[in-house]
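Trainee: Please find entry_10.tsv (TSV, C-alpha atoms and all ligand atoms) on the next line:
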```
chain	number	residue	atom	x	y	z
A	26	MET	CA	-130.98	-55.17	-20.03
A	27	ILE	CA	-132.97	-51.99	-20.60
A	28	ALA	CA	-136.70	-51.42	-20.32
A	29	VAL	CA	-138.04	-48.43	-22.25
A	30	LEU	CA	-141.29	-47.24	-20.67
A	31	LYS	CA	-144.28	-45.84	-22.55
A	32	ASN	CA	-144.92	-42.10	-22.50
A	33	GLY	CA	-147.14	-40.86	-19.71
A	34	VAL	CA	-146.80	-43.76	-17.26
A	35	SER	CA	-147.53	-42.82	-13.66
A	36	LYS	CA	-144.89	-42.55	-10.94
A	37	GLN	CA	-146.73	-45.25	-9.01
A	38	GLN	CA	-146.53	-47.69	-11.95
A	39	VAL	CA	-142.79	-47.02	-12.35
A	40	GLU	CA	-142.17	-47.55	-8.66
A	41	THR	CA	-144.08	-50.84	-8.61
A	42	LEU	CA	-142.00	-52.09	-11.54
A	43	ILE	CA	-138.72	-50.99	-9.88
A	44	THR	CA	-139.68	-52.81	-6.67
A	45	TRP	CA	-140.39	-55.92	-8.72
A	46	PHE	CA	-136.96	-55.73	-10.39
A	47	LYS	CA	-135.24	-55.16	-7.06
A	48	GLY	CA	-137.03	-58.22	-5.71
A	49	LYS	CA	-135.23	-60.19	-8.43
A	50	GLY	CA	-131.91	-58.98	-7.00
A	51	LEU	CA	-131.31	-56.37	-9.72
A	52	ASP	CA	-130.05	-52.82	-9.40
A	53	VAL	CA	-132.11	-50.31	-11.37
A	54	HIS	CA	-130.60	-47.29	-13.07
A	55	ILE	CA	-133.28	-44.73	-13.94
A	56	SER	CA	-132.80	-42.39	-16.85
A	57	GLU	CA	-135.55	-39.83	-17.12
A	58	GLY	CA	-135.39	-38.19	-20.53
A	59	LYS	CA	-137.57	-35.37	-21.83
A	60	PHE	CA	-140.01	-37.77	-23.44
A	61	GLN	CA	-139.18	-41.20	-22.17
A	62	THR	CA	-138.04	-43.04	-19.05
A	63	ILE	CA	-135.52	-45.83	-19.47
A	64	LEU	CA	-134.77	-48.35	-16.74
A	65	GLY	CA	-131.32	-49.93	-16.89
A	66	LEU	CA	-131.21	-53.29	-15.13
A	67	ILE	CA	-127.87	-54.23	-13.66
A	68	GLY	CA	-127.06	-57.68	-12.34
A	69	ASP	CA	-128.00	-61.22	-13.37
A	70	THR	CA	-130.91	-60.59	-15.73
A	71	SER	CA	-131.14	-64.24	-16.76
A	72	LYS	CA	-133.99	-64.63	-14.23
A	73	VAL	CA	-136.05	-61.97	-15.98
A	74	ASP	CA	-138.69	-63.24	-18.41
A	75	ILE	CA	-138.37	-60.87	-21.36
A	76	ASP	CA	-141.74	-61.95	-22.86
A	77	LEU	CA	-143.51	-61.26	-19.60
A	78	LEU	CA	-142.03	-57.77	-19.48
A	79	ASN	CA	-142.89	-57.04	-23.10
A	80	GLY	CA	-146.48	-57.94	-22.24
A	81	LEU	CA	-146.76	-55.32	-19.47
A	82	GLU	CA	-148.94	-52.32	-20.19
A	83	ILE	CA	-146.33	-49.71	-19.20
A	84	ILE	CA	-143.45	-51.14	-21.22
A	85	GLU	CA	-142.74	-50.11	-24.77
A	86	THR	CA	-139.77	-52.34	-25.40
A	87	VAL	CA	-137.17	-54.45	-23.58
A	88	LYS	CA	-133.68	-55.08	-24.93
A	89	ARG	CA	-130.75	-57.11	-23.70
A	90	ILE	CA	-127.45	-55.16	-23.68
A	91	SER	CA	-124.46	-57.29	-24.45
A	92	ASP	CA	-121.81	-54.63	-23.66
A	93	PRO	CA	-120.14	-55.36	-20.33
A	94	PHE	CA	-120.32	-51.70	-19.30
A	95	LYS	CA	-123.86	-50.82	-18.23
A	96	SER	CA	-124.02	-47.56	-16.27
A	97	ALA	CA	-121.59	-45.87	-18.67
A	98	ASN	CA	-123.55	-47.11	-21.69
A	99	ARG	CA	-125.42	-44.62	-23.85
A	100	LYS	CA	-128.17	-47.20	-24.35
A	101	PHE	CA	-128.95	-46.82	-20.61
A	102	HIS	CA	-128.79	-43.07	-20.70
A	103	PRO	CA	-129.39	-41.63	-24.19
A	104	ASP	CA	-128.78	-37.98	-23.20
A	105	ASP	CA	-125.25	-36.63	-22.78
A	106	THR	CA	-124.15	-36.39	-19.17
A	107	VAL	CA	-123.41	-32.81	-18.16
A	108	ILE	CA	-120.87	-32.57	-15.32
A	109	ASP	CA	-121.22	-29.64	-12.94
A	110	ILE	CA	-117.89	-28.47	-11.53
A	111	GLY	CA	-118.72	-25.73	-9.03
A	112	GLY	CA	-121.15	-24.18	-11.49
A	113	ILE	CA	-119.01	-24.80	-14.58
A	114	LYS	CA	-120.71	-27.27	-16.89
A	115	LEU	CA	-118.81	-29.77	-19.04
A	116	GLY	CA	-120.45	-32.05	-21.62
A	117	GLY	CA	-123.69	-31.93	-23.60
A	118	GLY	CA	-122.47	-29.00	-25.71
A	119	ASN	CA	-120.60	-27.25	-22.86
A	120	PHE	CA	-116.90	-27.03	-23.76
A	121	GLN	CA	-114.18	-26.23	-21.20
A	122	PHE	CA	-110.43	-25.61	-21.18
A	123	ILE	CA	-108.35	-27.19	-18.42
A	124	ALA	CA	-104.90	-25.63	-18.35
A	125	GLY	CA	-101.89	-25.39	-16.07
A	126	PRO	CA	-98.49	-26.86	-15.45
A	127	CYS	CA	-97.60	-30.54	-15.37
A	128	SER	CA	-96.68	-30.10	-11.72
A	129	VAL	CA	-97.03	-27.49	-9.04
A	130	GLU	CA	-93.43	-26.34	-8.45
A	131	SER	CA	-93.62	-23.29	-6.20
A	132	HIS	CA	-95.96	-20.60	-4.91
A	133	ASP	CA	-94.90	-18.06	-7.54
A	134	GLN	CA	-94.98	-20.54	-10.42
A	135	ILE	CA	-98.51	-21.84	-9.84
A	136	LEU	CA	-99.93	-18.40	-9.07
A	137	GLU	CA	-98.38	-16.88	-12.17
A	138	VAL	CA	-99.49	-19.68	-14.47
A	139	ALA	CA	-102.99	-19.72	-12.92
A	140	THR	CA	-103.46	-15.98	-13.39
A	141	LYS	CA	-102.19	-16.07	-16.96
A	142	VAL	CA	-104.16	-19.10	-18.14
A	143	LYS	CA	-107.31	-17.62	-16.65
A	144	GLN	CA	-106.76	-14.38	-18.59
A	145	ALA	CA	-106.07	-16.49	-21.68
A	146	GLY	CA	-109.43	-18.27	-21.45
A	147	ALA	CA	-108.95	-21.30	-19.20
A	148	ASN	CA	-111.93	-22.39	-17.11
A	149	LEU	CA	-110.22	-24.92	-14.84
A	150	LEU	CA	-106.70	-25.05	-13.42
A	151	ARG	CA	-104.64	-28.23	-13.58
A	152	GLY	CA	-101.42	-29.00	-11.72
A	153	GLY	CA	-99.95	-32.20	-10.32
A	154	ALA	CA	-99.01	-32.41	-6.64
A	155	PHE	CA	-98.53	-36.20	-6.57
A	156	LYS	CA	-96.60	-37.06	-9.72
A	157	PRO	CA	-96.32	-40.54	-11.22
A	158	ARG	CA	-92.79	-40.48	-12.69
A	159	THR	CA	-91.09	-43.24	-14.66
A	160	SER	CA	-87.87	-42.69	-12.71
A	161	PRO	CA	-87.81	-42.69	-8.91
A	162	TYR	CA	-85.01	-40.09	-9.11
A	163	ASP	CA	-87.20	-37.51	-10.90
A	164	PHE	CA	-89.21	-34.79	-9.14
A	165	GLN	CA	-92.13	-36.54	-7.45
A	166	GLY	CA	-94.26	-33.45	-6.81
A	167	LEU	CA	-94.77	-31.21	-3.77
A	168	LYS	CA	-97.52	-33.54	-2.49
A	169	GLY	CA	-99.62	-32.02	0.35
A	170	GLN	CA	-97.86	-28.68	0.03
A	171	GLY	CA	-98.59	-28.68	-3.71
A	172	LEU	CA	-102.30	-29.17	-2.98
A	173	GLU	CA	-102.22	-26.21	-0.58
A	174	LEU	CA	-100.65	-24.03	-3.28
A	175	LEU	CA	-103.26	-25.14	-5.80
A	176	LYS	CA	-106.00	-24.20	-3.33
A	177	GLU	CA	-104.41	-20.79	-2.96
A	178	ALA	CA	-104.46	-20.38	-6.75
A	179	LYS	CA	-108.11	-21.42	-6.72
A	180	VAL	CA	-108.97	-18.73	-4.17
A	181	LYS	CA	-107.01	-16.13	-6.11
A	182	THR	CA	-108.42	-16.91	-9.58
A	183	GLY	CA	-111.78	-18.49	-8.80
A	184	MET	CA	-110.90	-21.43	-11.06
A	185	PRO	CA	-111.82	-24.95	-9.90
A	186	ILE	CA	-108.76	-27.21	-9.60
A	187	VAL	CA	-107.92	-30.55	-11.22
A	188	THR	CA	-105.18	-32.70	-9.72
A	189	GLU	CA	-104.10	-36.33	-9.67
A	190	ILE	CA	-104.54	-38.84	-6.87
A	191	MET	CA	-102.12	-41.75	-6.79
A	192	ASN	CA	-103.03	-43.45	-3.55
A	193	ILE	CA	-106.41	-43.69	-1.86
A	194	ASN	CA	-104.75	-43.15	1.54
A	195	THR	CA	-104.34	-39.46	0.58
A	196	LEU	CA	-108.04	-38.95	-0.24
A	197	ASP	CA	-108.65	-36.77	2.84
A	198	LEU	CA	-106.24	-34.20	1.41
A	199	PHE	CA	-108.46	-33.86	-1.70
A	200	GLU	CA	-111.51	-32.47	0.10
A	201	ASP	CA	-111.25	-29.02	-1.54
A	202	VAL	CA	-110.15	-30.41	-4.91
A	203	ASP	CA	-112.90	-30.00	-7.52
A	204	VAL	CA	-111.82	-32.67	-10.00
A	205	ILE	CA	-109.75	-35.68	-8.98
A	206	GLN	CA	-107.65	-37.02	-11.83
A	207	VAL	CA	-106.92	-40.72	-12.16
A	208	GLY	CA	-103.82	-40.86	-14.30
A	209	ALA	CA	-103.09	-43.22	-17.17
A	210	ARG	CA	-100.96	-45.45	-14.96
A	211	ASN	CA	-103.76	-45.90	-12.44
A	212	MET	CA	-106.61	-46.43	-14.88
A	213	GLN	CA	-106.86	-50.05	-13.81
A	214	ASN	CA	-106.08	-49.56	-10.12
A	215	PHE	CA	-109.42	-51.13	-9.27
A	216	ASP	CA	-109.19	-50.57	-5.50
A	217	LEU	CA	-108.63	-46.86	-6.14
A	218	LEU	CA	-111.53	-46.74	-8.62
A	219	LYS	CA	-113.86	-48.53	-6.17
A	220	GLU	CA	-113.05	-46.06	-3.40
A	221	LEU	CA	-113.57	-43.07	-5.69
A	222	GLY	CA	-116.93	-44.60	-6.56
A	223	HIS	CA	-118.00	-44.00	-2.97
A	224	THR	CA	-117.23	-40.28	-3.16
A	225	ASN	CA	-119.25	-37.58	-4.89
A	226	LYS	CA	-116.17	-36.00	-6.48
A	227	VAL	CA	-115.87	-35.33	-10.20
A	228	ILE	CA	-113.33	-37.83	-11.57
A	229	LEU	CA	-111.21	-37.19	-14.66
A	230	LEU	CA	-110.35	-40.70	-15.80
A	231	LYS	CA	-107.43	-40.89	-18.21
A	232	ARG	CA	-107.05	-43.73	-20.68
A	233	GLY	CA	-104.19	-46.08	-19.85
A	234	LEU	CA	-101.05	-46.22	-21.97
A	235	ALA	CA	-102.03	-49.53	-23.52
A	236	ASN	CA	-105.72	-49.80	-22.81
A	237	THR	CA	-108.65	-50.27	-25.14
A	238	MET	CA	-111.71	-48.04	-25.11
A	239	LYS	CA	-113.69	-50.92	-23.64
A	240	GLU	CA	-111.22	-51.16	-20.76
A	241	LEU	CA	-111.51	-47.40	-20.19
A	242	LEU	CA	-115.29	-47.71	-20.05
A	243	MET	CA	-115.03	-50.68	-17.68
A	244	SER	CA	-112.87	-48.54	-15.38
A	245	ALA	CA	-115.54	-45.82	-15.49
A	246	GLU	CA	-118.03	-48.58	-14.67
A	247	TYR	CA	-116.06	-49.45	-11.52
A	248	ILE	CA	-116.51	-45.87	-10.28
A	249	MET	CA	-120.16	-45.74	-11.32
A	250	ALA	CA	-120.93	-49.09	-9.67
A	251	GLY	CA	-120.15	-47.41	-6.34
A	252	GLY	CA	-122.70	-44.68	-7.05
A	253	ASN	CA	-120.48	-41.89	-8.41
A	254	GLU	CA	-121.59	-40.94	-11.92
A	255	ASN	CA	-119.52	-37.74	-12.17
A	256	ILE	CA	-116.94	-38.96	-14.64
A	257	ILE	CA	-115.08	-37.24	-17.45
A	258	LEU	CA	-113.19	-39.54	-19.81
A	259	CYS	CA	-109.82	-38.37	-21.13
A	260	GLU	CA	-107.98	-39.53	-24.25
A	261	ARG	CA	-104.27	-38.81	-23.73
A	262	GLY	CA	-102.60	-40.94	-26.38
A	263	ILE	CA	-101.70	-44.60	-26.35
A	264	ARG	CA	-98.50	-46.57	-26.92
A	265	SER	CA	-97.90	-47.61	-30.51
A	266	PHE	CA	-94.89	-48.60	-32.61
A	267	GLU	CA	-94.31	-44.91	-33.39
A	268	THR	CA	-91.39	-43.27	-31.64
A	269	TYR	CA	-91.24	-39.71	-33.03
A	270	THR	CA	-94.13	-38.71	-30.77
A	271	ARG	CA	-94.36	-39.57	-27.05
A	272	ASN	CA	-97.65	-41.40	-27.63
A	273	THR	CA	-100.11	-41.78	-30.49
A	274	LEU	CA	-103.21	-39.65	-30.12
A	275	ASP	CA	-106.20	-41.85	-30.85
A	276	LEU	CA	-108.62	-39.22	-32.07
A	277	SER	CA	-111.13	-41.79	-33.24
A	278	ALA	CA	-111.66	-42.49	-29.54
A	279	VAL	CA	-113.53	-39.20	-29.23
A	280	PRO	CA	-116.52	-39.95	-31.50
A	281	MET	CA	-116.36	-43.68	-30.66
A	282	LEU	CA	-116.50	-43.16	-26.87
A	283	LYS	CA	-119.26	-40.60	-27.28
A	284	GLU	CA	-121.25	-43.07	-29.34
A	285	LEU	CA	-120.77	-45.84	-26.78
A	286	SER	CA	-121.20	-43.73	-23.67
A	287	HIS	CA	-123.06	-40.67	-22.40
A	288	LEU	CA	-120.00	-39.51	-20.45
A	289	PRO	CA	-118.13	-36.42	-21.67
A	290	VAL	CA	-114.76	-36.88	-23.38
A	291	VAL	CA	-111.84	-34.47	-23.15
A	292	VAL	CA	-108.50	-34.69	-24.96
A	293	ASP	CA	-105.00	-34.06	-23.60
A	294	PRO	CA	-102.83	-33.20	-26.63
A	295	SER	CA	-99.80	-32.50	-24.38
A	296	HIS	CA	-99.16	-36.02	-23.10
A	297	ALA	CA	-100.43	-37.44	-26.39
A	298	THR	CA	-97.62	-35.88	-28.41
A	299	GLY	CA	-94.92	-34.88	-25.94
A	300	MET	CA	-94.06	-31.88	-28.14
A	301	ALA	CA	-95.15	-28.29	-27.59
A	302	ARG	CA	-95.36	-27.56	-31.33
A	303	LEU	CA	-97.80	-30.42	-31.90
A	304	VAL	CA	-100.21	-29.27	-29.20
A	305	ARG	CA	-101.97	-26.72	-31.42
A	306	PRO	CA	-102.75	-28.97	-34.42
A	307	MET	CA	-103.85	-31.85	-32.20
A	308	ALA	CA	-105.96	-29.57	-29.98
A	309	LEU	CA	-107.78	-28.23	-33.04
A	310	ALA	CA	-108.23	-31.72	-34.45
A	311	ALA	CA	-109.63	-32.96	-31.13
A	312	VAL	CA	-112.18	-30.17	-31.09
A	313	ALA	CA	-113.13	-30.93	-34.69
A	314	ALA	CA	-113.60	-34.57	-33.62
A	315	GLY	CA	-116.14	-33.46	-31.01
A	316	ALA	CA	-114.18	-33.28	-27.75
A	317	ASP	CA	-116.03	-31.70	-24.81
A	318	GLY	CA	-112.87	-30.08	-23.53
A	319	LEU	CA	-109.10	-29.88	-23.74
A	320	MET	CA	-106.53	-30.41	-21.02
A	321	ILE	CA	-103.30	-28.61	-21.93
A	322	GLU	CA	-100.01	-28.27	-20.06
A	323	VAL	CA	-99.00	-24.62	-19.79
A	324	HIS	CA	-95.86	-23.34	-18.04
A	325	ASN	CA	-94.54	-19.81	-17.49
A	326	ASP	CA	-90.99	-21.00	-18.30
A	327	PRO	CA	-91.14	-24.31	-20.21
A	328	PRO	CA	-87.33	-24.81	-20.61
A	329	HIS	CA	-86.99	-24.79	-16.80
A	330	ALA	CA	-90.07	-26.86	-15.96
A	331	LEU	CA	-89.40	-29.61	-13.41
A	332	CYS	CA	-91.60	-31.97	-15.39
A	333	ASP	CA	-92.73	-32.25	-19.04
A	334	GLY	CA	-91.17	-28.98	-20.23
A	335	ALA	CA	-90.86	-30.25	-23.82
A	336	GLN	CA	-94.61	-30.52	-24.20
A	337	SER	CA	-95.50	-27.42	-22.20
A	338	ILE	CA	-96.66	-24.32	-24.02
A	339	THR	CA	-96.55	-20.73	-22.79
A	340	PRO	CA	-99.65	-18.83	-21.64
A	341	GLU	CA	-99.40	-16.72	-24.83
A	342	GLU	CA	-99.46	-19.82	-27.03
A	343	PHE	CA	-102.35	-21.15	-25.00
A	344	GLU	CA	-104.32	-17.98	-25.58
A	345	SER	CA	-103.75	-18.16	-29.31
A	346	ILE	CA	-104.83	-21.85	-29.40
A	347	ALA	CA	-107.92	-21.06	-27.31
A	348	GLN	CA	-108.95	-18.39	-29.83
A	349	GLN	CA	-108.58	-20.81	-32.72
A	350	VAL	CA	-110.47	-23.52	-30.85
A	351	LYS	CA	-113.42	-21.14	-30.55
A	352	LYS	CA	-113.41	-20.69	-34.33
A	353	VAL	CA	-113.32	-24.45	-34.94
A	354	ARG	CA	-116.24	-24.86	-32.55
A	355	GLU	CA	-118.24	-22.31	-34.52
A	356	VAL	CA	-117.58	-24.26	-37.72
A	357	ILE	CA	-118.58	-27.64	-36.33
A	358	LYS	CA	-121.72	-26.20	-34.72
A	359	GLY	CA	-122.74	-25.40	-38.29
B	401	LIG	C1	-100.71	-35.68	-16.06
B	401	LIG	O1	-101.78	-35.30	-16.57
B	401	LIG	O2	-100.01	-34.96	-15.36
B	401	LIG	C2	-100.26	-37.07	-16.30
B	401	LIG	C3	-99.31	-37.63	-15.57
B	401	LIG	O3	-100.87	-37.63	-17.34
B	401	LIG	P1	-100.98	-39.18	-17.78
B	401	LIG	O4	-101.51	-39.91	-16.59
B	401	LIG	O5	-101.93	-39.11	-18.93
B	401	LIG	O6	-99.61	-39.62	-18.18
B	402	MN	MN	-97.25	-33.96	-17.51
```
Please go through the file and, once you have read it, give me the structure as structure tokens.
Mentor:
Amino acid sequence: MIAVLKNGVSKQQVETLITWFKGKGLDVHISEGKFQTILGLIGDTSKVDIDLLNGLEIIETVKRISDPFKSANRKFHPDDTVIDIGGIKLGGGNFQFIAGPCSVESHDQILEVATKVKQAGANLLRGGAFKPRTSPYDFQGLKGQGLELLKEAKVKTGMPIVTEIMNINTLDLFEDVDVIQVGARNMQNFDLLKELGHTNKVILLKRGLANTMKELLMSAEYIMAGGNENIILCERGIRSFETYTRNTLDLSAVPMLKELSHLPVVVDPSHATGMARLVRPMALAAVAAGADGLMIEVHNDPPHALCDGAQSITPEEFESIAQQVKKVREVIKG
């Protein structure tokens, strides 16, 4: 349920109302817009008399929200959420490039890629240290050592780092990580989501291989229910009957998620297609669809990458895509 308050109500009046809601066992989410304050009521609202509320002097209107996701809902929070990543803003018109290798492989590899993607226009550095691999015999990542190398690349380039967590038991190792990624395979690892909800870390939440947008938003809700509202949603392709591409990029998810939610949405065209030559067209299409950022796998030597070489582009290709993305952004800004 949401209660839209009249313009110009006093702080005291708002506080009295919030106390009254809390007395009914409800959690109150406050969204203070430029002109209006909206109170989102979370919990069992069946005990709330909607007619009584509508009759109150400070209330303009009260609506029941039927969507199961509340905190992530745009109705609760009409303005776009802007995520602050060490001073870099993402969302609400602020577009960012996240680039780097699928996995951190060695000191020289991550430092070279980091330096080159930064020169090419990247704002954040990605790189997996804990890798979810389909086969247990494939490279599983450098784990703690990989995180140390990423931190070194962060110090050298000044770029905030984005890396995946697979198990909450390793959370302590992520203290200096700027954005914690929850990968597609863990999108519904509810215990992990709940724990991340108790941190104040920025979370990049990737859509699961076979999950609906509603399920993605419910996973975001798990994190938000714990008090952490710093979430970036990521469309990375879903399973379909198609086999030529690794996944099927659901570009309609970009405008749809942004309509349903105030959270920013980024697109990963690398995992979505699995093919380096498809990264450019899909990156441009994602930007045209309104994405708030792109996450692209870039490797200094794709044929020898330990993971996802086929979809990795070179720093030079990344630079050329980044230039074109800027042009598309100019066009859609009008
Ligand atoms: C990744 O970004 O490295 C990754 C494993 O992606 P996904 O979880 O989308 O497969
Ligand atoms: Mn990968």
Trainee: Pick out the closest residue to Met238 in chain A from this set: A:Val279, A:Leu198, A:Val29, A:Val87. Count all atoms listed in the file.
Mentor: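 Smallest separation from Met238 in chain A among the options: A:Val279.
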Trainee: Write out as number ranges by chain each polymer residue (protein, DNA or RNA) that has an atom no more than 12 Å from ligand MN 402 (chain B), with only C-alpha atoms and all ligand atoms counted.
Mentor: A: 124-129, 151-159, 164-166, 188-189, 208-209, 261, 271, 293-301, 320-324, 327, 330-338
Trainee: Any chance you can output those residues with C-alpha atoms as a compact mmCIF listing (two decimals), in the frame of the given file?
Mentor:
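That gives us out_30.txt:
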```txt
# COMPACT_ATOMS: atom_id res chain seq x y z
CA ALA A 124 -104.90 -25.63 -18.35
CA GLY A 125 -101.89 -25.39 -16.07
CA PRO A 126 -98.49 -26.86 -15.45
CA CYS A 127 -97.60 -30.54 -15.37
CA SER A 128 -96.68 -30.10 -11.72
CA VAL A 129 -97.03 -27.49 -9.04
CA ARG A 151 -104.64 -28.23 -13.58
CA GLY A 152 -101.42 -29.00 -11.72
CA GLY A 153 -99.95 -32.20 -10.32
CA ALA A 154 -99.01 -32.41 -6.64
CA PHE A 155 -98.53 -36.20 -6.57
CA LYS A 156 -96.60 -37.06 -9.72
CA PRO A 157 -96.32 -40.54 -11.22
CA ARG A 158 -92.79 -40.48 -12.69
CA THR A 159 -91.09 -43.24 -14.66
CA PHE A 164 -89.21 -34.79 -9.14
CA GLN A 165 -92.13 -36.54 -7.45
CA GLY A 166 -94.26 -33.45 -6.81
CA THR A 188 -105.18 -32.70 -9.72
CA GLU A 189 -104.10 -36.33 -9.67
CA GLY A 208 -103.82 -40.86 -14.30
CA ALA A 209 -103.09 -43.22 -17.17
CA ARG A 261 -104.27 -38.81 -23.73
CA ARG A 271 -94.36 -39.57 -27.05
CA ASP A 293 -105.00 -34.06 -23.60
CA PRO A 294 -102.83 -33.20 -26.63
CA SER A 295 -99.80 -32.50 -24.38
CA HIS A 296 -99.16 -36.02 -23.10
CA ALA A 297 -100.43 -37.44 -26.39
CA THR A 298 -97.62 -35.88 -28.41
CA GLY A 299 -94.92 -34.88 -25.94
CA MET A 300 -94.06 -31.88 -28.14
CA ALA A 301 -95.15 -28.29 -27.59
CA MET A 320 -106.53 -30.41 -21.02
CA ILE A 321 -103.30 -28.61 -21.93
CA GLU A 322 -100.01 -28.27 -20.06
CA VAL A 323 -99.00 -24.62 -19.79
CA HIS A 324 -95.86 -23.34 -18.04
CA PRO A 327 -91.14 -24.31 -20.21
CA ALA A 330 -90.07 -26.86 -15.96
CA LEU A 331 -89.40 -29.61 -13.41
CA CYS A 332 -91.60 -31.97 -15.39
CA ASP A 333 -92.73 -32.25 -19.04
CA GLY A 334 -91.17 -28.98 -20.23
CA ALA A 335 -90.86 -30.25 -23.82
CA GLN A 336 -94.61 -30.52 -24.20
CA SER A 337 -95.50 -27.42 -22.20
CA ILE A 338 -96.66 -24.32 -24.02
```
Trainee: Return the single residue from A:Leu221, A:Ala145, A:Ile346, A:Leu274 that is closest to ligand LIG 401 (chain B), with distances computed using all atoms listed in the file.
Mentor: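 Smallest separation from ligand LIG 401 (chain B) among the options: A:Leu274.
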Trainee: Enclose all atoms of range 333-352 of chain A listed in the file in an axis-aligned box, grow every side by 8 Å, and hand back centre and edge lengths in Å to one decimal, as lines of an AutoDock Vina configuration file.
Mentor:
```
center_x = -102.1
center_y = -24.5
center_z = -26.7
size_x = 38.6
size_y = 31.5
size_z = 31.3
```
Trainee: Find the residue from A:Gly111, A:Gly48, A:Gly169, A:Gly33 that sits nearest to Thr195 in chain A; use all atoms listed in the file when measuring.
Mentor: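 Among the listed residues, A:Gly169 lies closest to Thr195 in chain A.
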Trainee: Counting only C-alpha atoms, which of A:Asn192, A:Ser56, A:Asn148, A:Gln38 gets nearest to Asn98 in chain A?
Mentor: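 Answer, going by the shortest atom-to-atom distance: A:Ser56.
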Trainee: Residues at most 12 Å from Asp109 in chain A, counting only C-alpha atoms, excluding those fewer than 2 positions away in the same chain, as a ChimeraX atom specification?
Mentor: /A:106-107,111-117,119-121,185,203-204,225-228,254-257,289
Trainee: Near Gly251 in chain A, within 9 Å and counting all atoms listed in the file, which residues show up once chain neighbours fewer than 5 positions away are dropped, as a VMD selection string?
Mentor: chain A and resid 218 to 224 246
Trainee: I'd like to know which of A:Arg210, A:Arg264, A:Arg305, A:Arg354 is closest to ligand LIG 401 (chain B), using only C-alpha atoms and all ligand atoms.
Mentor: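 Selected residue with least distance to ligand LIG 401 (chain B): A:Arg210.
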